[in-house]
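Visitor: One structure coming up, written as structure tokens, with questions to follow.
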Number of protein chains: 6
Amino acid sequence: MKRKNTWAPRPAKRGQLKLSPPDAGVAPRYTGIRTFARAPLVDSPEGVDAAVLGVPFDTATSMRPGARFGPAGIRDASLLLRPFNPAQEVDVFAALSIADLGDLHTTPGNAERTAEQIAAQLEPVLRAGATPITLGGDHSIVLGELRAHAAVHGPLGVVLLDAHADTWEQYYGERYFHGTPFKRAFEEGLIDPSRSLLAGMRGSLYAASDLDEPRGWGFEIVTCDELRTWTPAHYAERVAARVGDGPAFLSFDIDCIDPAFAPATGTPEVCGLLPHEAIAFLRALRGRTFTGYDLVEVAPAYDTNAQTTALLAANIAYEFLTLTALSRA
Amino acid sequence: MKRKNTWAPRPAKRGQLKLSPPDAGVAPRYTGIRTFARAPLVDSPEGVDAAVLGVPFDTATSMRPGARFGPAGIRDASLLLRPFNPAQEVDVFAALSIADLGDLHTTPGNAERTAEQIAAQLEPVLRAGATPITLGGDHSIVLGELRAHAAVHGPLGVVLLDAHADTWEQYYGERYFHGTPFKRAFEEGLIDPSRSLLAGMRGSLYAASDLDEPRGWGFEIVTCDELRTWTPAHYAERVAARVGDGPAFLSFDIDCIDPAFAPATGTPEVCGLLPHEAIAFLRALRGRTFTGYDLVEVAPAYDTNAQTTALLAANIAYEFLTLTALSRA
Amino acid sequence: MKRKNTWAPRPAKRGQLKLSPPDAGVAPRYTGIRTFARAPLVDSPEGVDAAVLGVPFDTATSMRPGARFGPAGIRDASLLLRPFNPAQEVDVFAALSIADLGDLHTTPGNAERTAEQIAAQLEPVLRAGATPITLGGDHSIVLGELRAHAAVHGPLGVVLLDAHADTWEQYYGERYFHGTPFKRAFEEGLIDPSRSLLAGMRGSLYAASDLDEPRGWGFEIVTCDELRTWTPAHYAERVAARVGDGPAFLSFDIDCIDPAFAPATGTPEVCGLLPHEAIAFLRALRGRTFTGYDLVEVAPAYDTNAQTTALLAANIAYEFLTLTALSRA
Amino acid sequence: MKRKNTWAPRPAKRGQLKLSPPDAGVAPRYTGIRTFARAPLVDSPEGVDAAVLGVPFDTATSMRPGARFGPAGIRDASLLLRPFNPAQEVDVFAALSIADLGDLHTTPGNAERTAEQIAAQLEPVLRAGATPITLGGDHSIVLGELRAHAAVHGPLGVVLLDAHADTWEQYYGERYFHGTPFKRAFEEGLIDPSRSLLAGMRGSLYAASDLDEPRGWGFEIVTCDELRTWTPAHYAERVAARVGDGPAFLSFDIDCIDPAFAPATGTPEVCGLLPHEAIAFLRALRGRTFTGYDLVEVAPAYDTNAQTTALLAANIAYEFLTLTALSRA
Amino acid sequence: MKRKNTWAPRPAKRGQLKLSPPDAGVAPRYTGIRTFARAPLVDSPEGVDAAVLGVPFDTATSMRPGARFGPAGIRDASLLLRPFNPAQEVDVFAALSIADLGDLHTTPGNAERTAEQIAAQLEPVLRAGATPITLGGDHSIVLGELRAHAAVHGPLGVVLLDAHADTWEQYYGERYFHGTPFKRAFEEGLIDPSRSLLAGMRGSLYAASDLDEPRGWGFEIVTCDELRTWTPAHYAERVAARVGDGPAFLSFDIDCIDPAFAPATGTPEVCGLLPHEAIAFLRALRGRTFTGYDLVEVAPAYDTNAQTTALLAANIAYEFLTLTALSRA
Amino acid sequence: MKRKNTWAPRPAKRGQLKLSPPDAGVAPRYTGIRTFARAPLVDSPEGVDAAVLGVPFDTATSMRPGARFGPAGIRDASLLLRPFNPAQEVDVFAALSIADLGDLHTTPGNAERTAEQIAAQLEPVLRAGATPITLGGDHSIVLGELRAHAAVHGPLGVVLLDAHADTWEQYYGERYFHGTPFKRAFEEGLIDPSRSLLAGMRGSLYAASDLDEPRGWGFEIVTCDELRTWTPAHYAERVAARVGDGPAFLSFDIDCIDPAFAPATGTPEVCGLLPHEAIAFLRALRGRTFTGYDLVEVAPAYDTNAQTTALLAANIAYEFLTLTALSRA
């Protein structure tokens with residue numbers, strides 16, 4: 001037995017041309033440290049095409065906390081991912097240099113400072129040319145992400161799948177909260193509402209203005225009941241019509257999915273999308289380029305013993321990897 | 001800081017014109033005692049439009065007990081409900097004076113006496129002009145409810161969503177049981193089969209006669225497989241055709257929903273409705289008046305850690321409130 | 001009170017013409033030892049039409065183990081099954097002599113020897129004329145089953161519902177594993193790929209060849225995304241077209257169902273069939289004869305507190321009984 | 001492979017001299033139908049020394065229901081029991097003819113009728129010479145048991161380990177309830193308080209009279225705080241001093257154990273006995289003869305995923321078997 | 001049936017001399033809204049001897065969040081509490097006017113502002129003469145509590161039972177955190193270390209100075225290993241020796257208890273006290289007066305299905321009520 | 001913000017003199033990939049004093065499987081470990097160069113080959129001078145470990161804490177199983193029974209010979225009931241008396257602990273040690289040198305939602321690190 005094969009997964013070696021998960025045919029896939037999809041753990045984005053990063057933060061949660069454990073939970077459930085995505089006919093692990101860059105630093109109890117920390121840590125990843133796939137954390141983290149992306153690419157179109165528009169003004173006087181990031185991002189000029197599509201909204205509201213106001217700023221907002229009637233192709237057309245050729249960011253809040261499939265989230269709303277509907281929408285975006293992706297609001301303490309939510313989240317991130325592979329091909 | 005704002009929710013003050021939940025923008029919504037949707041807790045139905053009441057009783061359960069904790073579980077999961085129902089475009093909390101009247105007294109181990117207790121306690125609520133929304137409890141409680149409603153309004157049409165018709169004769173000699181209430185109610189003349197629609201039936205039966213007999217008495221019974229093919233509009237038409245203009249009661253057994261979405265129930269049957277299907281049926285009843293509603297058979301000990309079932313139940317009760325608001329407008 | 005009625009369920013008496021579960025109207029259905037659907041427990045297949053058997057084995061699992069407790073879990077959840085299947089209009093318990101024959105012996109830690117044990121124990125059941133309905137256990141057990149069936153009936157057409165084709169060559173050098181049985185069975189000449197239909201495949205793969213190779217051997221493989229678009233009638237036509245008039249075996253891996261409905265399984269894949277879709281496919285096979293059925297990969301330690309997966313599995317096995325009743329009528 | 005070895009456990013054959021569980025060295029112990037300790041399932045007490053019986057009844061529960069599933073839960077967890085009890089140096093399975101007689105019939109929703117059913121079904125077991133070990137069920141079942149025992153043996157001394165004395169008069173007018181059986185039994189002359197020892201009482205009370213009244217009738221009542229300071233030998237001496245040479249019954253309510261070890265019970269009280277303390281008390285009763293034993297109030301829906309409570313209950317029942325073996329030697 | 005008896009628990013009526021829970025012999029104890037021990041819900045501390053208040057806040061948690069649901073969880077598990085505490089021979093509900101004052105307002109995401117809110121809301125309760133029993137919430141809330149108590153009573157001796165001394169300086173720059181309140185309180189002059197006893201400390205530390213520094217300020221710190229060897233009487237003597245006759249506050253962090261008994265907490269440490277040890281320490285303080293009590297760090301999402309932790313917490317709060325009754329007698 | 005501080009934990013850099021976990025005061029401790037105690041992940045044992053390794057294998061389990069997820073579960077729960085062990089007054093992270101070497105390769109379904117793989121992979125770690133701390137996996141893995149240790153150090157004394165002696169001959173013909181490793185090791189001459197102490201044995205046995213035979217080979221076997229009466233000092237004396245100055249290995253099966261504290265294990269036995277008892281025994285071994293340690297049989301699927309078992313296991317491994325630090329000082 002050769003030493004070389006002994007440890008899995010291995011930290012990436014500098015100068016290695018391609019980073020990819022180990023072969024599950026050599027050792028059982030549950031062997032080794034939990035990185036995303038068993039990808040190499042590295043401490044630099046250089047040479048990385050797709051960089052998975054965690055943001056373990058949940059201070060800005062209005063109902064159930066626990067998304068701080070989202071990154072670890074999703075990584076733990078990502079063991080089953082295999083190299084080839086048959087729905088898109090692409091060998092994802094072969095097409096991309098994929099690495100797990102660990103978790104960003106945050107400051108629990110301080111959403112405002114954390115947004116700054118996220119931006120500061122993410123910008124170098126973008127400048128190194130990697131496409132970041134960020135695992136939250138509550139949705140407040142997207143503000144820091146958008147700051148980094150906008151600093152590198154300019155104002156972004158946002159493609160959001162979420163039960164909530166997250167365009168509220170404040171909660172109990174707190175302006176940096178998980179229901180406010182897209183309002184803050186709009187105010188800071190990080191995103192362009194006229195190039196954005198927010199879809200999946202449902203559940204009771206505080207008032208009709210909850211959605212009418214952001215529509216007034218230029219956002220297109222599609223309720224879940226309407227979205228459910230769309231074909232994947234129509235969804236892709238609407239995204240294309242809104243986003244155009246400019247830079248765009250895709251944000252996926254796991255609560256856009258029905259709670260039976262994704263119970264482990266902070267503010268669940270009944271009557272969500274079924275997983276195969278949501279994933280078909282994502283697959284229809286084939287060929288489109290996003291500067292980055294995030295997947296937020298997975299709170300594993302509320303998951304089933306079978307990690308249903310985390311497994312679904314891992315598969316959604318795998319679709320992000322696939323889209324990245326297709327857009328970089 | 002003023003004392004007035006300190007406690008939430010406050011017991012309702014007599015003479016207050018409108019009862020409504022506190023503003024979740026002032027204190028986090030998980031602040032305070034668990035009443036339904038954080039509505040005021042009162043001890044009289046006077047001045048109340050919609051009265052939420054619990055009936056914590058589960059003696060009459062043939063399989064898994066625990067619905068005695070249904071009211072508490074549903075209340076606990078109802079925190080997320082907000083004032084405005086965008087699907088119906090109505091501010092429910094503004095349109096109605098809503099109150100939680102606590103739980104009715106029952107006698108564990110004695111379904112027959114409990115039916116009497118329910119009727120005696122519910123009738124004054126009806127006579128005060130409130131629309132009761134009752135949270136069960138196993139389905140045997142509907143007999144007591146129907147006695148109160150019939151005493152005030154005369155024989156009722158029943159609109160039932162349920163996996164079972166609950167028209168059996170007895171279990172091991174027990175005639176007051178959760179599978180028998182609509183037979184008892186029929187025998188007592190409380191309901192009118194020819195004005196009733198029982199829908200969602202599925203699962204294995206004792207014999208073909210289980211459904212054929214109540215059809216013989218005049219009930220229309222629609223299986224879940226058939227119901228699934230109906231549009232909401234068609235459902236509403238069928239309800240209208242059956243119920244007509246007379247008084248009607250809507251009973252919703254949570255087991256009409258598929259067990260993946262509503263695991264916490266006593267006699268689950270696979271292949272149920274999806275929540276968005278069931279809620280679309282309810283929303284289609286817009287404009288119709290019911291003398292009351294119940295939601296039964298939620299047994300929280302079998303729920304997920306995320307309270308999936310109870311959250312769904314709370315949202316269904318919220319649709320009852322919405323229908324009440326629409327019919328009283 | 002007569003002694004005769006005291007114990008339920010009773011071990012079957014030799015010479016009894018028809019074996020059937022006790023009447024749930026006499027004692028509560030949760031009374032008695034957990035046999036499948038409360039059927040009589042016997043130690044011989046003689047006089048038995050449909051024989052339920054467990055195979056508590058999970059050594060050959062690549063991800064989550066625990067299917068060794070599958071038979072006990074399914075039996076425990078099968079209490080709710082009643083005699084009459086209204087979807088097929090047949091009194092299953094009256095039409096068939098049904099018995100639970102307990103569990104087959106296996107050797108934990110030794111999949112190869114276990115396959116031999118299974119074949120040796122199952123063949124006498126087949127030769128006695130009973131239709132075996134086997135509860136797994138991981139999918140490696142189907143190799144032993146197919147050996148017994150082929151020994152009695154010759155090479156079989158396989159009708160498989162599964163997220164995976166299970167036609168891989170080996171895992172870490174292990175050739176008898178839960179992802180390899182249909183390749184082994186093909187090599188041993190037990191099954192005829194040209195008379196087989198494998199449907200429901202989804203999830204990431206090692207390579208495109210994972211499905212292309214078995215297609216090359218003659219299997220028809222239908223992905224879940226495609227299958228979801230089929231009507232039950234079309235499914236039945238495809239099965240008829242493939243299987244023809246020769247002997248056939250139906251194997252159902254619970255992971256063909258979406259993880260929200262069937263979390264308790266070893267290698268869950270998101271975006272599976274909904275239960276009512278899968279059961280409609282099974283019901284459409286009405287009139288077709290199978291030499292036997294199995295239901296595999298239920299791992300109860302990962303189930304919900306409400307035993308969602310096991311309850312579904314019990315209902316699927318009930319459809320197997322119904323198909324058996326219909327084909328033997 | 002011989003047919004004889006194929007099925008385990010086998011229904012007992014009439015005329016067989018000794019009934020005992022199968023050898024776990026031949027097939028894995030999780031093989032087969034769930035009888036207690038894998039003992040043979042029989043339908044007659046003849047030839048049986050120790051008869052395990054379930055009483056799946058929980059109508060008479062004042063807080064959490066679910067003890068109807070106690071017998072199944074305890075049987076499921078009893079797989080790990082092996083023949084030899086090293087603490088008492090006795091091969092229990094060799095010393096006794098042990099059988100599982102299944103469950104007694106009960107009437108859910110009717111505690112009074114159920115008590116009659118229990119007595120009628122249990123008396124023949126006693127008259128056949130078997131020592132019954134009854135698995136509850138809530139504690140109301142002990143009234144039926146005591147009626148049968150007293151009918152055969154005359155008034156009994158009761159040795160009770162329990163958090164509650166269960167000597168209350170009624171609940172909401174219900175006199176047959178799980179907190180009243182020893183008062184009813186006293187009134188009916190079935191038990192002799194002066195020959196009884198009730199130990200383990202703790203938790204808040206309605207009033208000081210809750211314990212003072214039964215002390216007035218002649219019961220010795222020992223609080224848990226005091227019992228914790230006793231040595232096993234002292235406990236055995238006190239039992240001997242109270243019970244003397246007359247017939248005696250041992251009743252064990254699982255809630256005498258601390259909730260961390262036995263969470264799955266209806267009315268848990270903090271600060272209970274540790275399992276090794278309780279089992280040491282039982283072992284100290286070596287040589288003493290009881291006409292029967294019961295173990296009540298196990299409600300599996302509240303158990304841990306590891307079935308902690310049920311496993312402990314199975315081991316306590318194993319100590320009852322051991323005491324039976326020692327007293328019959 | 002009289003209206004007076006219909007609703008339970010009733011909001012307290014002004015001018016009522018004694019507030020107490022309803023009689024559980026009239027309606028089942030699980031009837032009604034979840035207030036602590038079913039005590040009346042009031043909105044003013046006037047006429048209240050013992051005021052139970054929740055502080056649903058968990059922003060300042062370094063590991064597992066979720067204590068925001070602590071008050072609701074403890075209330076839900078407090079149903080089983082009965083009026084008479086036999087260990088102290090006092091009818092607690094008769095001796096005291098007890099009320100639940102609901103929850104204090106807090107600001108999620110802002111521990112510093114929340115401390116101010118707590119102090120402002122709690123001080124009127126103290127000035128009204130009520131003894132507050134506060135249910136957390138993470139331990140950061142004690143700073144606000146101590147500000148209120150010190151404002152009314154002057155610097156306090158602290159009697160702490162906790163796995164951690166909570167005297168750290170900061171976390172990631174955050175000075176208002178659940179590991180720092182007693183350092184902040186010391187700096188603000190709210191507490192007197194020389195009159196304080198911190199006991200139960202265990203688990204790994206950052207450095208020896210973690211405990212040596214606060215000892216340097218004058219705190220007595222007793223490790224759990226040492227505390228376990230103390231008798232309750234010795235503990236009471238040490239408390240008396242430290243606290244003397246001045247005002248004192250008792251703070252109980254549920255993590256002083258072993259995780260098997262109290263799993264639902266944010267930073268569990270193995271090898272804690274057993275519940276009966278901790279409760280014996282509390283009971284030994286009989287006769288001593290505290291200006292208030294709190295019970296913190298119960299995070300129900302991590303509790304067992306049987307609510308083991310919350311039930312224990314409810315019983316500890318009941319001992320606080322008992323101490324209050326004894327000191328006010 | 002400097003790049004150097006961005007990622008935590010970082011892969012170890014070659015040439016770094018001391019490997020230690022990152023400072024939890026900079027980023028929250030739940031930040032980063034799950035290595036043991038957040039120690040650096042390396043792929044070589046060079047420069048490592050204490051090497052933590054996982055062995056994710058559970059084929060050889062006679063009851064509940066799932067220990068393959070033990071290493072990941074223990075690592076996930078090890079986040080709370082801090083540098084300083086106050087009970088032993090040693091800064092563990094400062095005293096030792098600690099690294100996580102990931103998991104060893106194994107072959108599911110093949111215990112015999114896995115034992116060879118373990119030995120081959122572990123021996124180089126030993127030869128590099130590191131003290132391995134191995135996280136199982138089922139107890140069969142200790143055979144491979146002992147082969148490596150004996151190859152380097154010669155025959156070993158074994159200090160075992162376990163509910164079972166694991167000296168059985170075979171199960172269903174399988175000789176490499178989790179109940180047989182010490183018999184195999186004895187036969188292979190890897191261990192010296194006369195220098196070994198097996199303690200904690202309890203639970204029912206197959207026969208008296210289960211313990212008498214290994215005693216006959218020279219093992220000292222101490223039952224749990226006896227061990228519970230020992231002081232830690234006495235335990236240390238007995239270990240010293242048995243082991244002497246020769247090489248020794250310490251093996252800790254989590255099932256030596258009571259199931260309430262360690263439910264997540266394959267063959268739980270009631271009445272085990274309390275955690276503080278077991279840890280006191282380990283701490284009493286201060287100053288003694290072991291060539292290695294293992295901690296086996298943690299099966300996380302059976303753990304509580306609070307990961308009670310895994311947290312305890314992490315703390316036990318921390319005591320192994322502490323003993324290593326003390327013996328290497």
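By order in the structure tokens, chains are A, B, ...; within a chain, residues start at 1; ligands start at 1, following the order shown.
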Extract, using only C-alpha atoms, all DNA, RNA and protein residues at most 12 Å from Gly292 in chain E, discarding same-chain residues fewer than 5 positions from it, and format them as a ChimeraX atom specification.

Guide: /E:49-53,122-123,125-126,129-135,142,145-146,148-150,152-153,156-159,247-252,317,320-321,323-324,327

Visitor: At a cut-off of 10 Å, list the chain F residues touching chain D, using only C-alpha atoms, as a ChimeraX atom specification.

Guide: /F:62-64,170-173,202-211,223,225,258-273,301-305

Visitor: Mind checking which residues fall within 9 Å of Thr59 in chain C, counting only C-alpha atoms, ignoring those fewer than 5 positions away in the same chain, and posting them as a CSV table (one decimal) with C-alpha atoms, in the first residue's frame?

Guide:
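Result file is around.csv:
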```csv
chain,number,residue,atom,x,y,z
C,65,PRO,CA,-26.6,1.3,6.7
C,66,GLY,CA,-29.6,0.1,8.7
C,67,ALA,CA,-31.8,-1.7,6.2
C,68,ARG,CA,-31.4,-4.8,8.4
C,107,THR,CA,-24.8,-13.6,7.5
C,108,PRO,CA,-23.9,-10.1,8.4
C,109,GLY,CA,-20.6,-9.1,7.0
C,110,ASN,CA,-20.8,-11.6,4.2
C,111,ALA,CA,-22.9,-10.6,1.2
C,138,ASP,CA,-30.3,-3.7,1.0
C,140,SER,CA,-27.9,-6.9,-2.8
C,177,PHE,CA,-22.8,-5.1,-3.2
C,178,HIS,CA,-26.0,-3.2,-3.2
F,58,ASP,CA,-19.1,-0.8,10.7
F,59,THR,CA,-19.5,-4.1,8.8
F,60,ALA,CA,-18.8,-6.2,11.8
F,108,PRO,CA,-17.1,-2.0,3.7
F,109,GLY,CA,-18.4,-5.6,3.7
F,110,ASN,CA,-15.0,-7.1,4.4
```

Visitor: What gap, in Å, lies between CA of Ala95 in chain E and CA of Ala310 in chain E?

Guide: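 Pair CA of Ala95 in chain E / CA of Ala310 in chain E returns 24.6 Å.
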
Visitor: Residues of range 80-117 of chain F classed as strand (DSSP E or B) by DSSP on the backbone are to be reported as a PyMOL selection string.

Guide: chain F and resi 84-85+90-91+98-103

Visitor: What's the 7 Å shell around Leu326 in chain A, counting only C-alpha atoms, without same-chain residues fewer than 4 positions away, as a list in words?

Guide: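 Skipping anything fewer than 4 positions along the chain leaves Arg286, Gly287 and Thr322 of chain A.
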
Visitor: Please provide as a PDB file with N, CA and C atoms, in the first residue's frame all residues within 7 Å of Leu227 in chain B, with the sequence filter that same-chain residues fewer than 5 positions apart are discarded (counting only C-alpha atoms).

Guide:
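To be explicit, this is the file written out as part-v5.pdb:
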```pdb
ATOM      1  N   ALA B 199     -64.765  14.855   0.760  1.00  0.00           N
ATOM      2  CA  ALA B 199     -63.775  14.660  -0.299  1.00  0.00           C
ATOM      3  C   ALA B 199     -62.394  14.369   0.275  1.00  0.00           C
ATOM      4  N   GLY B 200     -61.619  13.601  -0.467  1.00  0.00           N
ATOM      5  CA  GLY B 200     -60.234  13.288  -0.101  1.00  0.00           C
ATOM      6  C   GLY B 200     -60.034  11.858   0.356  1.00  0.00           C
ATOM      7  N   VAL B 222     -66.076  11.923  -2.581  1.00  0.00           N
ATOM      8  CA  VAL B 222     -65.119  12.054  -3.682  1.00  0.00           C
ATOM      9  C   VAL B 222     -63.767  11.530  -3.221  1.00  0.00           C
TER      10      VAL B 222
END
```

Visitor: Tell me, as a ChimeraX atom specification, which residues lie within 8 Å of range 195-198 of chain C, counting only C-alpha atoms; anything in the same chain fewer than 2 positions away does not count.

Guide: /C:156-162,165,192-193,200-201,219-222,238-239,242-244

Visitor: Using only N, CA and C atoms, please write the residues we just selected to a file, as a compact mmCIF listing (two decimals), in the first residue's frame.

Guide:
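Produced file selection-v1.txt, reproduced below:
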```
# COMPACT_ATOMS: atom_id res chain seq x y z
N LEU C 156 -35.52 -14.31 -16.04
CA LEU C 156 -36.64 -13.42 -15.74
C LEU C 156 -36.50 -12.07 -16.41
N GLY C 157 -37.63 -11.52 -16.77
CA GLY C 157 -37.68 -10.09 -17.03
C GLY C 157 -37.73 -9.36 -15.72
N VAL C 158 -37.01 -8.23 -15.63
CA VAL C 158 -37.01 -7.47 -14.39
C VAL C 158 -37.72 -6.13 -14.61
N VAL C 159 -38.68 -5.86 -13.75
CA VAL C 159 -39.32 -4.55 -13.74
C VAL C 159 -38.85 -3.84 -12.47
N LEU C 160 -38.00 -2.84 -12.69
CA LEU C 160 -37.35 -2.17 -11.56
C LEU C 160 -37.81 -0.72 -11.46
N LEU C 161 -38.17 -0.33 -10.24
CA LEU C 161 -38.38 1.09 -9.92
C LEU C 161 -37.34 1.46 -8.89
N ASP C 162 -36.46 2.40 -9.23
CA ASP C 162 -35.25 2.62 -8.42
C ASP C 162 -34.61 3.92 -8.88
N ALA C 165 -29.59 2.22 -11.24
CA ALA C 165 -29.75 1.00 -12.04
C ALA C 165 -29.13 -0.23 -11.36
N ASP C 192 -33.07 -11.48 -18.11
CA ASP C 192 -32.97 -11.19 -19.54
C ASP C 192 -33.13 -9.67 -19.73
N PRO C 193 -32.02 -8.96 -19.99
CA PRO C 193 -32.11 -7.51 -20.15
C PRO C 193 -33.12 -7.08 -21.20
N GLY C 200 -36.78 5.19 -13.26
CA GLY C 200 -36.70 6.05 -12.08
C GLY C 200 -35.32 6.60 -11.80
N MET C 201 -34.36 6.27 -12.68
CA MET C 201 -32.96 6.62 -12.43
C MET C 201 -32.78 8.14 -12.42
N PHE C 219 -30.75 -3.63 -21.53
CA PHE C 219 -31.74 -3.05 -20.62
C PHE C 219 -32.35 -1.80 -21.22
N GLU C 220 -33.66 -1.60 -20.98
CA GLU C 220 -34.24 -0.29 -21.21
C GLU C 220 -34.18 0.48 -19.89
N ILE C 221 -33.59 1.66 -19.94
CA ILE C 221 -33.43 2.47 -18.73
C ILE C 221 -34.14 3.81 -18.94
N VAL C 222 -35.05 4.12 -18.05
CA VAL C 222 -35.86 5.33 -18.15
C VAL C 222 -35.54 6.24 -16.96
N ARG C 238 -45.41 -0.02 -21.68
CA ARG C 238 -43.97 -0.26 -21.83
C ARG C 238 -43.55 -1.54 -21.10
N VAL C 239 -44.13 -1.76 -19.91
CA VAL C 239 -43.82 -3.00 -19.19
C VAL C 239 -44.27 -4.19 -20.02
N ARG C 242 -42.00 -4.83 -22.97
CA ARG C 242 -40.69 -5.38 -22.62
C ARG C 242 -40.82 -6.82 -22.11
N VAL C 243 -41.70 -7.02 -21.16
CA VAL C 243 -41.73 -8.28 -20.43
C VAL C 243 -42.37 -9.40 -21.24
N GLY C 244 -43.39 -9.05 -22.01
CA GLY C 244 -44.07 -10.08 -22.78
C GLY C 244 -44.73 -11.10 -21.90
```

Visitor: Any idea what the distance is between CA of Ala241 in chain B and CA of Ser194 in chain B?

Guide: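 Computing the Euclidean distance for CA of Ala241 in chain B and CA of Ser194 in chain B yields 10.2 Å.
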
Visitor: As an exercise, work out the distance from CA of Pro71 in chain D to CA of Gln121 in chain D in Å and give it to one decimal place.

Guide: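 According to the coordinates, CA of Pro71 in chain D and CA of Gln121 in chain D are separated by 16.5 Å.
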